[in-house]
Each structure stands twice: as structure tokens, then as C-alpha cells.
$ cat coords_29.json   # JSON, N, CA and C atoms
[["chain", "number", "residue", "atom", "x", "y", "z"],
["A", 11, "MET", "N", 5.67, 25.04, 3.77],
["A", 11, "MET", "CA", 6.22, 23.71, 3.62],
["A", 11, "MET", "C", 7.39, 23.56, 4.57],
["A", 12, "LEU", "N", 7.52, 22.34, 5.10],
["A", 12, "LEU", "CA", 8.60, 21.99, 5.99],
["A", 12, "LEU", "C", 9.27, 20.74, 5.45],
["A", 13, "ASN", "N", 10.59, 20.75, 5.39],
["A", 13, "ASN", "CA", 11.37, 19.57, 4.98],
["A", 13, "ASN", "C", 12.17, 19.08, 6.17],
["A", 14, "ALA", "N", 12.25, 17.77, 6.33],
["A", 14, "ALA", "CA", 13.05, 17.18, 7.39],
["A", 14, "ALA", "C", 13.82, 15.99, 6.83],
["A", 15, "LYS", "N", 15.12, 16.01, 7.03],
["A", 15, "LYS", "CA", 15.97, 14.91, 6.55],
["A", 15, "LYS", "C", 16.52, 14.16, 7.75],
["A", 16, "PRO", "N", 16.06, 12.91, 7.93],
["A", 16, "PRO", "CA", 16.58, 12.14, 9.06],
["A", 16, "PRO", "C", 18.05, 11.78, 8.83],
["A", 17, "GLY", "N", 18.73, 11.48, 9.90],
["A", 17, "GLY", "CA", 20.16, 11.17, 9.84],
["A", 17, "GLY", "C", 20.42, 9.74, 9.41],
["A", 18, "ILE", "N", 19.84, 9.35, 8.29],
["A", 18, "ILE", "CA", 20.06, 8.00, 7.77],
["A", 18, "ILE", "C", 20.49, 8.10, 6.31],
["A", 19, "HIS", "N", 21.13, 7.05, 5.84],
["A", 19, "HIS", "CA", 21.44, 6.95, 4.41],
["A", 19, "HIS", "C", 20.45, 5.98, 3.80],
["A", 20, "LEU", "N", 19.84, 6.39, 2.73],
["A", 20, "LEU", "CA", 18.86, 5.55, 2.05],
["A", 20, "LEU", "C", 19.28, 5.41, 0.60],
["A", 21, "SER", "N", 19.56, 4.21, 0.20],
["A", 21, "SER", "CA", 20.02, 3.94, -1.15],
["A", 21, "SER", "C", 18.83, 3.88, -2.11],
["A", 22, "THR", "N", 18.89, 4.70, -3.16],
["A", 22, "THR", "CA", 17.85, 4.67, -4.19],
["A", 22, "THR", "C", 17.78, 3.28, -4.81],
["A", 23, "LYS", "N", 18.93, 2.65, -4.99],
["A", 23, "LYS", "CA", 18.96, 1.30, -5.56],
["A", 23, "LYS", "C", 18.18, 0.34, -4.66],
["A", 24, "PHE", "N", 18.38, 0.45, -3.34],
["A", 24, "PHE", "CA", 17.64, -0.39, -2.40],
["A", 24, "PHE", "C", 16.14, -0.21, -2.56],
["A", 25, "VAL", "N", 15.70, 1.03, -2.65],
["A", 25, "VAL", "CA", 14.28, 1.32, -2.75],
["A", 25, "VAL", "C", 13.69, 0.70, -4.01],
["A", 26, "TYR", "N", 14.30, 0.96, -5.15],
["A", 26, "TYR", "CA", 13.74, 0.44, -6.41],
["A", 26, "TYR", "C", 13.90, -1.07, -6.55],
["A", 27, "THR", "N", 14.95, -1.63, -6.00],
["A", 27, "THR", "CA", 15.12, -3.08, -6.04],
["A", 27, "THR", "C", 14.03, -3.78, -5.23],
["A", 28, "ASN", "N", 13.60, -3.17, -4.14],
["A", 28, "ASN", "CA", 12.63, -3.79, -3.25],
["A", 28, "ASN", "C", 11.19, -3.36, -3.50],
["A", 29, "LEU", "N", 10.98, -2.47, -4.44],
["A", 29, "LEU", "CA", 9.63, -2.06, -4.78],
["A", 29, "LEU", "C", 8.91, -3.19, -5.51],
["A", 30, "LYS", "N", 7.75, -3.53, -5.03],
["A", 30, "LYS", "CA", 6.94, -4.59, -5.67],
["A", 30, "LYS", "C", 5.82, -3.90, -6.45],
["A", 31, "ALA", "N", 6.19, -3.33, -7.57],
["A", 31, "ALA", "CA", 5.27, -2.50, -8.36],
["A", 31, "ALA", "C", 4.02, -3.27, -8.77],
["A", 32, "ASN", "N", 4.15, -4.54, -9.04],
["A", 32, "ASN", "CA", 3.00, -5.33, -9.48],
["A", 32, "ASN", "C", 2.02, -5.62, -8.34],
["A", 33, "GLU", "N", 2.41, -5.32, -7.09],
["A", 33, "GLU", "CA", 1.55, -5.54, -5.93],
["A", 33, "GLU", "C", 0.92, -4.25, -5.41],
["A", 34, "LEU", "N", 1.24, -3.13, -6.02],
["A", 34, "LEU", "CA", 0.69, -1.86, -5.55],
["A", 34, "LEU", "C", -0.80, -1.81, -5.81],
["A", 35, "GLU", "N", -1.54, -1.41, -4.79],
["A", 35, "GLU", "CA", -2.99, -1.35, -4.91],
["A", 35, "GLU", "C", -3.49, 0.01, -5.40],
["A", 36, "SER", "N", -2.70, 1.04, -5.17],
["A", 36, "SER", "CA", -3.14, 2.37, -5.61],
["A", 36, "SER", "C", -1.94, 3.21, -6.03],
["A", 37, "HIS", "N", -2.23, 4.21, -6.81],
["A", 37, "HIS", "CA", -1.22, 5.14, -7.30],
["A", 37, "HIS", "C", -1.75, 6.56, -7.11],
["A", 38, "PRO", "N", -0.88, 7.52, -6.91],
["A", 38, "PRO", "CA", -1.36, 8.90, -6.79],
["A", 38, "PRO", "C", -2.08, 9.33, -8.06],
["A", 39, "ASP", "N", -3.12, 10.13, -7.89],
["A", 39, "ASP", "CA", -3.93, 10.65, -8.99],
["A", 39, "ASP", "C", -3.31, 11.97, -9.46],
["A", 40, "ILE", "N", -2.39, 11.89, -10.39],
["A", 40, "ILE", "CA", -1.65, 13.07, -10.86],
["A", 40, "ILE", "C", -2.58, 14.08, -11.54],
["A", 41, "ASP", "N", -3.46, 13.61, -12.40],
["A", 41, "ASP", "CA", -4.38, 14.53, -13.08],
["A", 41, "ASP", "C", -5.28, 15.23, -12.07],
["A", 42, "GLY", "N", -5.76, 14.50, -11.08],
["A", 42, "GLY", "CA", -6.59, 15.09, -10.04],
["A", 42, "GLY", "C", -5.81, 16.11, -9.22],
["A", 43, "GLN", "N", -4.55, 15.82, -8.95],
["A", 43, "GLN", "CA", -3.70, 16.75, -8.21],
["A", 43, "GLN", "C", -3.52, 18.06, -8.98],
["A", 44, "ILE", "N", -3.26, 17.95, -10.26],
["A", 44, "ILE", "CA", -3.09, 19.15, -11.09],
["A", 44, "ILE", "C", -4.35, 19.99, -11.06],
["A", 45, "GLN", "N", -5.48, 19.34, -11.18],
["A", 45, "GLN", "CA", -6.76, 20.06, -11.15],
["A", 45, "GLN", "C", -6.97, 20.74, -9.79],
["A", 46, "ALA", "N", -6.65, 20.03, -8.70],
["A", 46, "ALA", "CA", -6.81, 20.60, -7.36],
["A", 46, "ALA", "C", -5.85, 21.77, -7.14],
["A", 47, "ILE", "N", -4.64, 21.66, -7.65],
["A", 47, "ILE", "CA", -3.68, 22.76, -7.53],
["A", 47, "ILE", "C", -4.19, 23.98, -8.28],
["A", 48, "ARG", "N", -4.67, 23.77, -9.48],
["A", 48, "ARG", "CA", -5.19, 24.88, -10.28],
["A", 48, "ARG", "C", -6.39, 25.56, -9.62],
["A", 49, "SER", "N", -7.19, 24.79, -8.90],
["A", 49, "SER", "CA", -8.35, 25.38, -8.25],
["A", 49, "SER", "C", -8.04, 25.89, -6.84],
["A", 50, "GLY", "N", -6.80, 25.69, -6.39],
["A", 50, "GLY", "CA", -6.39, 26.18, -5.07],
["A", 50, "GLY", "C", -6.97, 25.38, -3.91],
["A", 51, "ASP", "N", -7.31, 24.11, -4.14],
["A", 51, "ASP", "CA", -7.94, 23.27, -3.13],
["A", 51, "ASP", "C", -6.88, 22.42, -2.42],
["A", 52, "LEU", "N", -6.29, 22.98, -1.35],
["A", 52, "LEU", "CA", -5.23, 22.29, -0.63],
["A", 52, "LEU", "C", -5.71, 20.97, -0.04],
["A", 53, "LYS", "N", -6.92, 20.94, 0.47],
["A", 53, "LYS", "CA", -7.45, 19.71, 1.05],
["A", 53, "LYS", "C", -7.49, 18.58, 0.01],
["A", 54, "LYS", "N", -7.95, 18.91, -1.18],
["A", 54, "LYS", "CA", -8.03, 17.91, -2.25],
["A", 54, "LYS", "C", -6.62, 17.49, -2.70],
["A", 55, "VAL", "N", -5.72, 18.44, -2.79],
["A", 55, "VAL", "CA", -4.33, 18.11, -3.15],
["A", 55, "VAL", "C", -3.79, 17.09, -2.14],
["A", 56, "ALA", "N", -4.01, 17.36, -0.86],
["A", 56, "ALA", "CA", -3.52, 16.47, 0.20],
["A", 56, "ALA", "C", -4.14, 15.08, 0.09],
["A", 57, "GLU", "N", -5.44, 15.02, -0.19],
["A", 57, "GLU", "CA", -6.13, 13.73, -0.31],
["A", 57, "GLU", "C", -5.57, 12.89, -1.45],
["A", 58, "LEU", "N", -5.12, 13.53, -2.49],
["A", 58, "LEU", "CA", -4.68, 12.82, -3.69],
["A", 58, "LEU", "C", -3.18, 12.52, -3.72],
["A", 59, "CYS", "N", -2.44, 13.04, -2.76],
["A", 59, "CYS", "CA", -0.99, 12.82, -2.73],
["A", 59, "CYS", "C", -0.65, 11.40, -2.29],
["A", 60, "GLY", "N", 0.49, 10.96, -2.72],
["A", 60, "GLY", "CA", 0.99, 9.66, -2.31],
["A", 60, "GLY", "C", 2.37, 9.42, -2.88],
["A", 61, "ASN", "N", 3.08, 8.49, -2.29],
["A", 61, "ASN", "CA", 4.40, 8.11, -2.77],
["A", 61, "ASN", "C", 4.52, 6.61, -2.62],
["A", 62, "VAL", "N", 4.42, 5.89, -3.72],
["A", 62, "VAL", "CA", 4.45, 4.42, -3.67],
["A", 62, "VAL", "C", 5.78, 3.88, -3.15],
["A", 63, "LEU", "N", 6.82, 4.68, -3.20],
["A", 63, "LEU", "CA", 8.13, 4.22, -2.71],
["A", 63, "LEU", "C", 8.14, 4.08, -1.19],
["A", 64, "GLU", "N", 7.19, 4.71, -0.52],
["A", 64, "GLU", "CA", 7.09, 4.55, 0.94],
["A", 64, "GLU", "C", 6.73, 3.12, 1.32],
["A", 65, "THR", "N", 6.19, 2.34, 0.40],
["A", 65, "THR", "CA", 5.88, 0.94, 0.70],
["A", 65, "THR", "C", 7.15, 0.16, 1.02],
["A", 66, "VAL", "N", 8.26, 0.64, 0.53],
["A", 66, "VAL", "CA", 9.56, 0.02, 0.81],
["A", 66, "VAL", "C", 10.20, 0.67, 2.03],
["A", 67, "THR", "N", 10.26, 1.99, 2.03],
["A", 67, "THR", "CA", 11.04, 2.69, 3.05],
["A", 67, "THR", "C", 10.41, 2.70, 4.43],
["A", 68, "ALA", "N", 9.09, 2.77, 4.52],
["A", 68, "ALA", "CA", 8.44, 2.87, 5.83],
["A", 68, "ALA", "C", 8.74, 1.66, 6.71],
["A", 69, "GLU", "N", 8.79, 0.50, 6.10],
["A", 69, "GLU", "CA", 9.09, -0.71, 6.87],
["A", 69, "GLU", "C", 10.57, -0.79, 7.24],
["A", 70, "ALA", "N", 11.43, -0.46, 6.31],
["A", 70, "ALA", "CA", 12.87, -0.57, 6.54],
["A", 70, "ALA", "C", 13.42, 0.55, 7.42],
["A", 71, "TYR", "N", 12.77, 1.73, 7.37],
["A", 71, "TYR", "CA", 13.25, 2.90, 8.10],
["A", 71, "TYR", "C", 12.08, 3.57, 8.82],
["A", 72, "PRO", "N", 11.71, 3.10, 10.01],
["A", 72, "PRO", "CA", 10.56, 3.64, 10.74],
["A", 72, "PRO", "C", 10.64, 5.14, 11.02],
["A", 73, "VAL", "N", 11.82, 5.71, 11.00],
["A", 73, "VAL", "CA", 11.96, 7.14, 11.24],
["A", 73, "VAL", "C", 11.17, 7.96, 10.22],
["A", 74, "ILE", "N", 11.03, 7.45, 9.03],
["A", 74, "ILE", "CA", 10.28, 8.16, 7.99],
["A", 74, "ILE", "C", 8.81, 8.25, 8.38],
["A", 75, "SER", "N", 8.24, 7.17, 8.87],
["A", 75, "SER", "CA", 6.85, 7.18, 9.32],
["A", 75, "SER", "C", 6.68, 8.08, 10.55],
["A", 76, "ARG", "N", 7.68, 8.07, 11.43],
["A", 76, "ARG", "CA", 7.59, 8.94, 12.61],
["A", 76, "ARG", "C", 7.61, 10.41, 12.22],
["A", 77, "LEU", "N", 8.47, 10.77, 11.27],
["A", 77, "LEU", "CA", 8.51, 12.16, 10.80],
["A", 77, "LEU", "C", 7.17, 12.57, 10.20],
["A", 78, "LYS", "N", 6.61, 11.71, 9.36],
["A", 78, "LYS", "CA", 5.32, 12.00, 8.75],
["A", 78, "LYS", "C", 4.25, 12.19, 9.82],
["A", 79, "ALA", "N", 4.22, 11.29, 10.80],
["A", 79, "ALA", "CA", 3.22, 11.37, 11.87],
["A", 79, "ALA", "C", 3.37, 12.66, 12.67],
["A", 80, "THR", "N", 4.59, 13.04, 12.99],
["A", 80, "THR", "CA", 4.82, 14.28, 13.74],
["A", 80, "THR", "C", 4.35, 15.48, 12.95],
["A", 81, "MET", "N", 4.62, 15.49, 11.67],
["A", 81, "MET", "CA", 4.16, 16.61, 10.84],
["A", 81, "MET", "C", 2.63, 16.66, 10.81],
["A", 82, "GLU", "N", 2.00, 15.52, 10.62],
["A", 82, "GLU", "CA", 0.54, 15.49, 10.55],
["A", 82, "GLU", "C", -0.09, 15.84, 11.89],
["A", 83, "GLU", "N", 0.51, 15.37, 12.99],
["A", 83, "GLU", "CA", 0.01, 15.70, 14.33],
["A", 83, "GLU", "C", 0.12, 17.20, 14.62],
["A", 84, "ASN", "N", 0.98, 17.87, 13.88],
["A", 84, "ASN", "CA", 1.20, 19.30, 14.08],
["A", 84, "ASN", "C", 0.63, 20.13, 12.93],
["A", 85, "GLY", "N", -0.39, 19.61, 12.28],
["A", 85, "GLY", "CA", -1.16, 20.41, 11.35],
["A", 85, "GLY", "C", -0.86, 20.29, 9.87],
["A", 86, "ALA", "N", 0.01, 19.39, 9.46],
["A", 86, "ALA", "CA", 0.29, 19.25, 8.03],
["A", 86, "ALA", "C", -0.96, 18.76, 7.30],
["A", 87, "ALA", "N", -1.26, 19.41, 6.20],
["A", 87, "ALA", "CA", -2.36, 18.93, 5.35],
["A", 87, "ALA", "C", -1.99, 17.58, 4.76],
["A", 88, "VAL", "N", -0.71, 17.42, 4.49],
["A", 88, "VAL", "CA", -0.17, 16.16, 4.00],
["A", 88, "VAL", "C", 1.32, 16.11, 4.35],
["A", 89, "ALA", "N", 1.82, 14.91, 4.62],
["A", 89, "ALA", "CA", 3.24, 14.70, 4.84],
["A", 89, "ALA", "C", 3.64, 13.45, 4.06],
["A", 90, "LEU", "N", 4.69, 13.57, 3.29],
["A", 90, "LEU", "CA", 5.14, 12.47, 2.44],
["A", 90, "LEU", "C", 6.65, 12.45, 2.36],
["A", 91, "MET", "N", 7.16, 11.29, 2.03],
["A", 91, "MET", "CA", 8.57, 11.18, 1.71],
["A", 91, "MET", "C", 8.77, 11.77, 0.32],
["A", 92, "SER", "N", 9.83, 12.48, 0.14],
["A", 92, "SER", "CA", 10.14, 13.08, -1.15],
["A", 92, "SER", "C", 10.93, 12.08, -1.99],
["A", 93, "GLY", "N", 10.42, 11.76, -3.16],
["A", 93, "GLY", "CA", 11.11, 10.85, -4.06],
["A", 93, "GLY", "C", 11.40, 9.52, -3.41],
["A", 94, "SER", "N", 12.64, 9.05, -3.52],
["A", 94, "SER", "CA", 13.03, 7.78, -2.91],
["A", 94, "SER", "C", 13.60, 7.98, -1.51],
["A", 95, "GLY", "N", 13.46, 9.19, -0.98],
["A", 95, "GLY", "CA", 13.81, 9.47, 0.41],
["A", 95, "GLY", "C", 15.28, 9.77, 0.62],
["A", 96, "PRO", "N", 15.62, 10.00, 1.87],
["A", 96, "PRO", "CA", 14.82, 9.87, 3.07],
["A", 96, "PRO", "C", 14.10, 11.16, 3.51],
["A", 97, "THR", "N", 14.28, 12.26, 2.78],
["A", 97, "THR", "CA", 13.66, 13.52, 3.20],
["A", 97, "THR", "C", 12.14, 13.40, 3.18],
["A", 98, "VAL", "N", 11.53, 13.97, 4.21],
["A", 98, "VAL", "CA", 10.08, 14.01, 4.34],
["A", 98, "VAL", "C", 9.66, 15.47, 4.31],
["A", 99, "PHE", "N", 8.56, 15.75, 3.63],
["A", 99, "PHE", "CA", 8.05, 17.13, 3.59],
["A", 99, "PHE", "C", 6.62, 17.16, 4.08],
["A", 100, "GLY", "N", 6.26, 18.29, 4.67],
["A", 100, "GLY", "CA", 4.89, 18.52, 5.10],
["A", 100, "GLY", "C", 4.41, 19.83, 4.50],
["A", 101, "ILE", "N", 3.14, 19.85, 4.09],
["A", 101, "ILE", "CA", 2.55, 21.07, 3.54],
["A", 101, "ILE", "C", 1.57, 21.60, 4.58],
["A", 102, "TYR", "N", 1.73, 22.86, 4.91],
["A", 102, "TYR", "CA", 0.95, 23.51, 5.96],
["A", 102, "TYR", "C", 0.18, 24.70, 5.39],
["A", 103, "GLU", "N", -0.95, 24.97, 6.01],
["A", 103, "GLU", "CA", -1.74, 26.13, 5.60],
["A", 103, "GLU", "C", -1.12, 27.43, 6.09],
["A", 104, "ASP", "N", -0.43, 27.36, 7.23],
["A", 104, "ASP", "CA", 0.20, 28.59, 7.72],
["A", 104, "ASP", "C", 1.56, 28.29, 8.35],
["A", 105, "ARG", "N", 2.34, 29.32, 8.44],
["A", 105, "ARG", "CA", 3.73, 29.22, 8.90],
["A", 105, "ARG", "C", 3.83, 28.76, 10.36],
["A", 106, "MET", "N", 2.88, 29.17, 11.20],
["A", 106, "MET", "CA", 2.94, 28.80, 12.61],
["A", 106, "MET", "C", 2.81, 27.29, 12.80],
["A", 107, "GLN", "N", 1.97, 26.66, 12.02],
["A", 107, "GLN", "CA", 1.85, 25.20, 12.10],
["A", 107, "GLN", "C", 3.18, 24.54, 11.73],
["A", 108, "ALA", "N", 3.79, 25.03, 10.68],
["A", 108, "ALA", "CA", 5.07, 24.48, 10.25],
["A", 108, "ALA", "C", 6.14, 24.69, 11.32],
["A", 109, "ARG", "N", 6.12, 25.83, 11.97],
["A", 109, "ARG", "CA", 7.10, 26.08, 13.05],
["A", 109, "ARG", "C", 6.88, 25.17, 14.23],
["A", 110, "ARG", "N", 5.61, 24.91, 14.58],
["A", 110, "ARG", "CA", 5.33, 23.99, 15.68],
["A", 110, "ARG", "C", 5.83, 22.58, 15.33],
["A", 111, "ALA", "N", 5.61, 22.19, 14.10],
["A", 111, "ALA", "CA", 6.08, 20.87, 13.67],
["A", 111, "ALA", "C", 7.59, 20.81, 13.69],
["A", 112, "MET", "N", 8.25, 21.87, 13.25],
["A", 112, "MET", "CA", 9.71, 21.89, 13.26],
["A", 112, "MET", "C", 10.22, 21.75, 14.70],
["A", 113, "ALA", "N", 9.60, 22.45, 15.65],
["A", 113, "ALA", "CA", 10.00, 22.36, 17.05],
["A", 113, "ALA", "C", 9.79, 20.94, 17.58],
["A", 114, "ALA", "N", 8.68, 20.32, 17.23],
["A", 114, "ALA", "CA", 8.40, 18.96, 17.68],
["A", 114, "ALA", "C", 9.41, 17.97, 17.10],
["A", 115, "ILE", "N", 9.77, 18.16, 15.85],
["A", 115, "ILE", "CA", 10.75, 17.27, 15.22],
["A", 115, "ILE", "C", 12.11, 17.43, 15.87],
["A", 116, "ARG", "N", 12.51, 18.66, 16.09],
["A", 116, "ARG", "CA", 13.80, 18.90, 16.74],
["A", 116, "ARG", "C", 13.84, 18.31, 18.15],
["A", 117, "LYS", "N", 12.72, 18.40, 18.85],
["A", 117, "LYS", "CA", 12.64, 17.88, 20.21],
["A", 117, "LYS", "C", 12.76, 16.36, 20.24],
["A", 118, "SER", "N", 12.22, 15.73, 19.21],
["A", 118, "SER", "CA", 12.26, 14.26, 19.17],
["A", 118, "SER", "C", 13.60, 13.78, 18.62]]
$ encode --input "coords_29.json" --output "C-alpha cells"
Amino acid sequence: MLNAKPGIHLSTKFVYTNLKANELESHPDIDGQIQAIRSGDLKKVAELCGNVLETVTAEAYPVISRLKATMEENGAAVALMSGSGPTVFGIYEDRMQARRAMAAIRKS
């Protein structure tokens, strides 16, 4: 796993105030994630992950989307914002992928 915290301040109040929960089309499948974790299926875990709070932060803070994209371009099975942000994490199958992503993030 790789964590990256962009040099921005993100107010939790801002995120929750601007979340349009009644307009969300999908939610992460928590039960499915638990089952995938128990069976050791990283691909399925990645497919089922999500963070509805990104619907607010991605538009207001494009750096979050850029971090996610860099992680995914460098082998992350999944990259998401943690909680209400701004930290982004990527889950990798091996340490070398995570190191390449870390180098790419530092370079950018």
C-alpha cells in the first residue's frame, strides 16, 4: 500500500456540506468487499471499492484525481481517497509497483 497526501487543506465540513447523497447512483459493496477479502481476491476487492465523498473532492481538488491516476498508471489494483481526504491510497500486488508509483508521484 502507498499513501500520498497532497499539499492542500481539505475541510471535512466542506465535503459533507457539498455531498449530494440523494443523487448518488452507486455505493461501495461492503458485504462483497468483506467476502473478497476473506477469499484473498485482490482483483474483486479493487472492483468493489469506492468512496462517495470523491464526488465532492475530485471536482474541487483535481490533485486528488491526478494522484489516483498516477497510482493506477503505475500498477495500483485500486486507488482511492481515504475518508474525506485529502490523502489518497493505492493498493499494490507487490512492493516494486508501489515504489514506482511513489517515484512518479514525487517527480510530479
$ residues_around --input "coords_29.json" --residues "Thr80 in chain A" --least-positions-apart "5" --cutoff "7 Å" --atoms "only N, CA and C atoms" --output "number ranges by chain"
A: 75, 85-86, 111, 114-115
$ atom_distance --input "coords_29.json" --atom1 "CA of Asn13 in chain A" --atom2 "CA of Ser49 in chain A"
24.4 Å
$ closest_residue --input "coords_29.json" --among "A:Ala46, A:Asp39, A:Thr22, A:Lys30" --to "Thr65 in chain A" --atoms "all atoms listed in the file"
A:Lys30
$ residues_near_point --input "coords_29.json" --point "(12.9, 13.1, 6.7)" --cutoff "10 Å" --atoms "only C-alpha atoms" --output "list of chain:residue names"
A:Leu12, A:Asn13, A:Ala14, A:Lys15, A:Pro16, A:Gly17, A:Ile18, A:Val73, A:Ile74, A:Ser75, A:Arg76, A:Leu77, A:Lys78, A:Ala89, A:Leu90, A:Met91, A:Ser92, A:Gly95, A:Pro96, A:Thr97, A:Val98, A:Phe99, A:Gly100, A:Ile115
$ residues_around --input "coords_29.json" --residues "Leu63 in chain A" --least-positions-apart "2" --cutoff "7 Å" --atoms "all atoms listed in the file" --output "ChimeraX atom specification"
/A:25,29,60-61,65-68,93-94
$ residues_around --input "coords_29.json" --residues "range 42-44 of chain A" --least-positions-apart "4" --cutoff "6.5 Å" --atoms "all atoms listed in the file" --output "PyMOL selection string"
chain A and resi 48-49+54-55+58
$ select_by_dssp --input "coords_29.json" --residues "chain A" --states "strand (DSSP E)" --output "ChimeraX atom specification"
/A:12-14,88-91,98-101
$ closest_residue --input "coords_29.json" --among "A:Ala56, A:Ala108, A:Glu103, A:Arg116" --to "Val88 in chain A" --atoms "only C-alpha atoms"
A:Ala56
$ atom_distance --input "coords_29.json" --atom1 "CA of Val62 in chain A" --atom2 "CA of Met106 in chain A"
29.4 Å
$ select_by_dssp --input "coords_29.json" --residues "chain A" --states "alpha helix (DSSP H)" --output "number ranges by chain"
A: 22-28, 40-49, 52-58, 64-70, 72-83, 105-117
$ closest_residue --input "coords_29.json" --among "A:Glu35, A:Met11, A:Gly50, A:Phe24" --to "Arg109 in chain A" --atoms "all atoms listed in the file"
A:Met11
$ atom_distance --input "coords_29.json" --atom1 "CA of Glu69 in chain A" --atom2 "CA of Leu52 in chain A"
28.1 Å
$ axis_aligned_box --input "coords_29.json" --around "range 18-33 of chain A" --padding-each-side "8 Å" --output "JSON"
{"center_x": 11.2, "center_y": 1.9, "center_z": -0.6, "size_x": 36.5, "size_y": 31.0, "size_z": 33.8}
